[in-house]
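Below: one structure, written as structure tokens.
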Amino acid sequence: MAAAYMKVGRGFSILNYLLKPRKVSAVSHLSRNIRKQCGLYGTTKILMPALSPTMTEGTIVKWYKKEGDTVNPGDLLCNIKTDKADVGMDTEEGGILAKILKPDNSADVQIGTLIALLVEEGEDWQKVQVPTEVVSAKSAAQTTVSPQTQTTIVTETHEEAGHAASGIGPSVRKLLEEYGLTAGQVTSSGPHGRILKGDILKVIKQKNLQRKDIKAKLKPTPASPLPPPPPPPPVSATATASAKAPVKTLPPITRPPPSPPIEGEEYKDIPNTNIRRVIAKRLTESKTTIPHSYVTIDYNVGPVTKLRKQLTNENVKVSVNDFIIKAAAIALQRVPKVNSLWNGEAIQMSSTVDISVAVATSQGLITPIVKNAAYLGIDEISLTVKDLATRARDNKLQLHEFQGGSFTISNLGMFGISEFSAVINPPQTAIMAVGSSRLTLDEDGKPQTRMTATLSYDSRVLDEAEASEFLEVFRDFMENPNLTMSGSRMSKLLSAKN
């Protein structure tokens, strides 16, 4: 009996041993079948990211990986032009880049749009399947229109269809129609293959074409008959006599003929950039929603000029703008309410003094940030600003280097602008505009170099007294620049020389 139980127990053990690996093997086999049969199994979707708070769309400038390349976590995938700068996009996932859905120079790509697909290593990347929603979106864009609309489109001329497809402007379209040309007969010289007005004028001159009368082709439609006028009311004899008097009629209005094209007239269409569009949107939002107020102060920069000469003798090159940033940072510490943000309902006090400095680039203004400016020396601020400005013009700034900031300085002194007022950069509550230096005479008739600074502030957050106090502190440190270097390395260097 015991032997029978042992045999049964040994049989269950063997059965359990045989069934267990068979179950795992079946699951593994099922997993392999799913990967082979379903192109989306183990596939990672790469979507268009939001690389700035105001970004709604972007342009994929360049892909650094090709289809079939191996991608490791942290590898740079592509370069994306946002509303503020060109930013490199990497990935936290690894695998093989199987499909690029948005190639180089794909413009106006909305956030969240699928731009590429990754598959795991070992998978057949060439057999990856594009998600159905992307395919349906493409097919929807290529679907035919209703029969009624089709009939209308068929009746259009081939010239108009070609013009719409090439994306030419109304003036160019008008010239093509007047001279009986099509877009295919003109060699384009504009950006992205656009036909310019000068291209058409060259063809007209080469073929000696004559303008066609487009209006003669149009058949006038007969006017609908007017209803008979109501019978006139009875009038007096005087009114009847005046009615018989001759009525002066106005001459018919004639429209002047269109002006002929000017020989050799050429122009170039420059498409607007994302940065320009965002700047216009934000400036409009700022001026229409923020109650701007302004205060201006005049100050002597002669002491700064004198101190700069002393530092130059010690091989330390700094600019007046570096002193402006340092003096503003100290003033923000003394009047912390200016160093704040407005979230739409309340004031948010910033714990650090991060000053945005406006830098002009070929695509528009960008504001890289000098972080913790109050704790940096003049020489450190100088090196930081030079590095940020250089990389801003080369479109090499990282996101954290131009997003944020608690206060902005815009200096147009290098352009000879004596003074101006700037528009607040929301959600910041103030911005200071600095003009160029000028020679004046002081009370004793001696020459003096002075500058003007204008503070634009949000009157929901600041009042005149707080704004004026900020500028007073700023002026005091600009007229006593040695105070901005107290305890710094340069202060000890100058003290040793003296």
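Each chain in the structure tokens gets a letter, A, B and so on, in the order shown; residues start at 1 in every chain, and ligands are counted from 1 in the order they appear.
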
Review point. Near Thr54 (chain A), within 10 Å and counting only C-alpha atoms, which residues show up once chain neighbours fewer than 2 positions away are dropped, as a list of chain:residue names?
Key: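 Once the adjacent positions are removed, what remains is A:Ala50, A:Leu51, A:Ser52, A:Thr56, A:Glu57, A:Thr82, A:Asp83, A:Lys84, A:Val278, A:Arg282.
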
**Study point:** All residues 8 Å or closer to region 356-365 of chain A, only C-alpha atoms, same chain fewer than 5 positions away omitted, as a ChimeraX atom specification
**Key:** /A:273,275-276,279,370,389,392-393,402,405-411

Review point. Out of A:Leu332, A:Leu114, A:Leu181, A:Leu196, which residue has the shortest atom-to-atom distance to Ile431 (chain A) when counting only C-alpha atoms?
Key: A:Leu332

Practice item. List every residue of region 245-415 of chain A that DSSP, applied to the backbone of this structure, assigns to strand (DSSP E or B), and report them as a ChimeraX atom specification. Key: /A:292-300,340-342,347-349,355-357,359-361,364-366,369-370,407-411

Those same residues - C-alpha atoms - I'd like them written as a compact mmCIF listing (two decimals), in the first residue's frame.
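As a result, result-v9.txt now contains:
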# COMPACT_ATOMS: atom_id res chain seq x y z
CA HIS A 292 1.60 98.63 -17.82
CA SER A 293 2.97 101.53 -15.82
CA TYR A 294 6.35 103.23 -16.23
CA VAL A 295 8.95 105.04 -14.16
CA THR A 296 12.24 106.46 -15.44
CA ILE A 297 15.48 107.41 -13.72
CA ASP A 298 18.68 109.14 -14.83
CA TYR A 299 22.04 108.19 -13.35
CA ASN A 300 25.76 108.92 -13.63
CA SER A 340 7.99 88.21 -8.56
CA LEU A 341 5.64 86.44 -10.96
CA TRP A 342 1.90 86.83 -11.60
CA ILE A 347 1.67 87.08 -6.70
CA GLN A 348 4.39 84.45 -6.55
CA MET A 349 7.58 85.67 -4.89
CA ILE A 355 17.68 87.78 -14.64
CA SER A 356 16.66 87.26 -18.27
CA VAL A 357 18.86 89.22 -20.67
CA VAL A 359 19.65 88.88 -26.94
CA ALA A 360 18.95 89.67 -30.60
CA THR A 361 19.32 86.74 -33.00
CA GLY A 364 14.18 87.25 -33.20
CA LEU A 365 14.74 88.07 -29.55
CA ILE A 366 15.52 85.37 -27.02
CA ILE A 369 18.90 83.61 -18.00
CA VAL A 370 21.71 84.63 -15.67
CA PHE A 407 13.14 89.77 -14.12
CA THR A 408 14.24 90.96 -17.58
CA ILE A 409 16.74 93.58 -18.75
CA SER A 410 16.66 94.90 -22.32
CA ASN A 411 19.64 97.07 -23.29

Exercise for review: Extract, using only C-alpha atoms, all DNA, RNA and protein residues at most 9 Å from Val335 (chain A), discarding same-chain residues fewer than 3 positions from it, and format them as a list of chain:residue names.
Suggested key: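 Selected residues are A:Ile330, A:Ala331, A:Leu332, A:Val338, A:Asn339, A:Glu466, A:Ala467, A:Glu469, A:Phe470, A:Val473.
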
Non-local contacts of Arg438 (chain A) (8 Å; only C-alpha atoms; under 6 positions in same chain excluded) as a compact mmCIF listing (two decimals) with N, CA and C atoms, in the first residue's frame:
# COMPACT_ATOMS: atom_id res chain seq x y z
N SER A 418 18.67 106.26 -26.97
CA SER A 418 18.88 106.99 -25.71
C SER A 418 17.98 106.46 -24.59
N THR A 449 29.00 111.61 -17.84
CA THR A 449 28.35 110.57 -18.65
C THR A 449 27.16 110.02 -17.90
N ARG A 450 25.99 110.09 -18.53
CA ARG A 450 24.76 109.67 -17.87
C ARG A 450 23.99 108.69 -18.76
N MET A 451 23.15 107.92 -18.12
CA MET A 451 22.29 106.96 -18.82
C MET A 451 20.89 107.03 -18.24
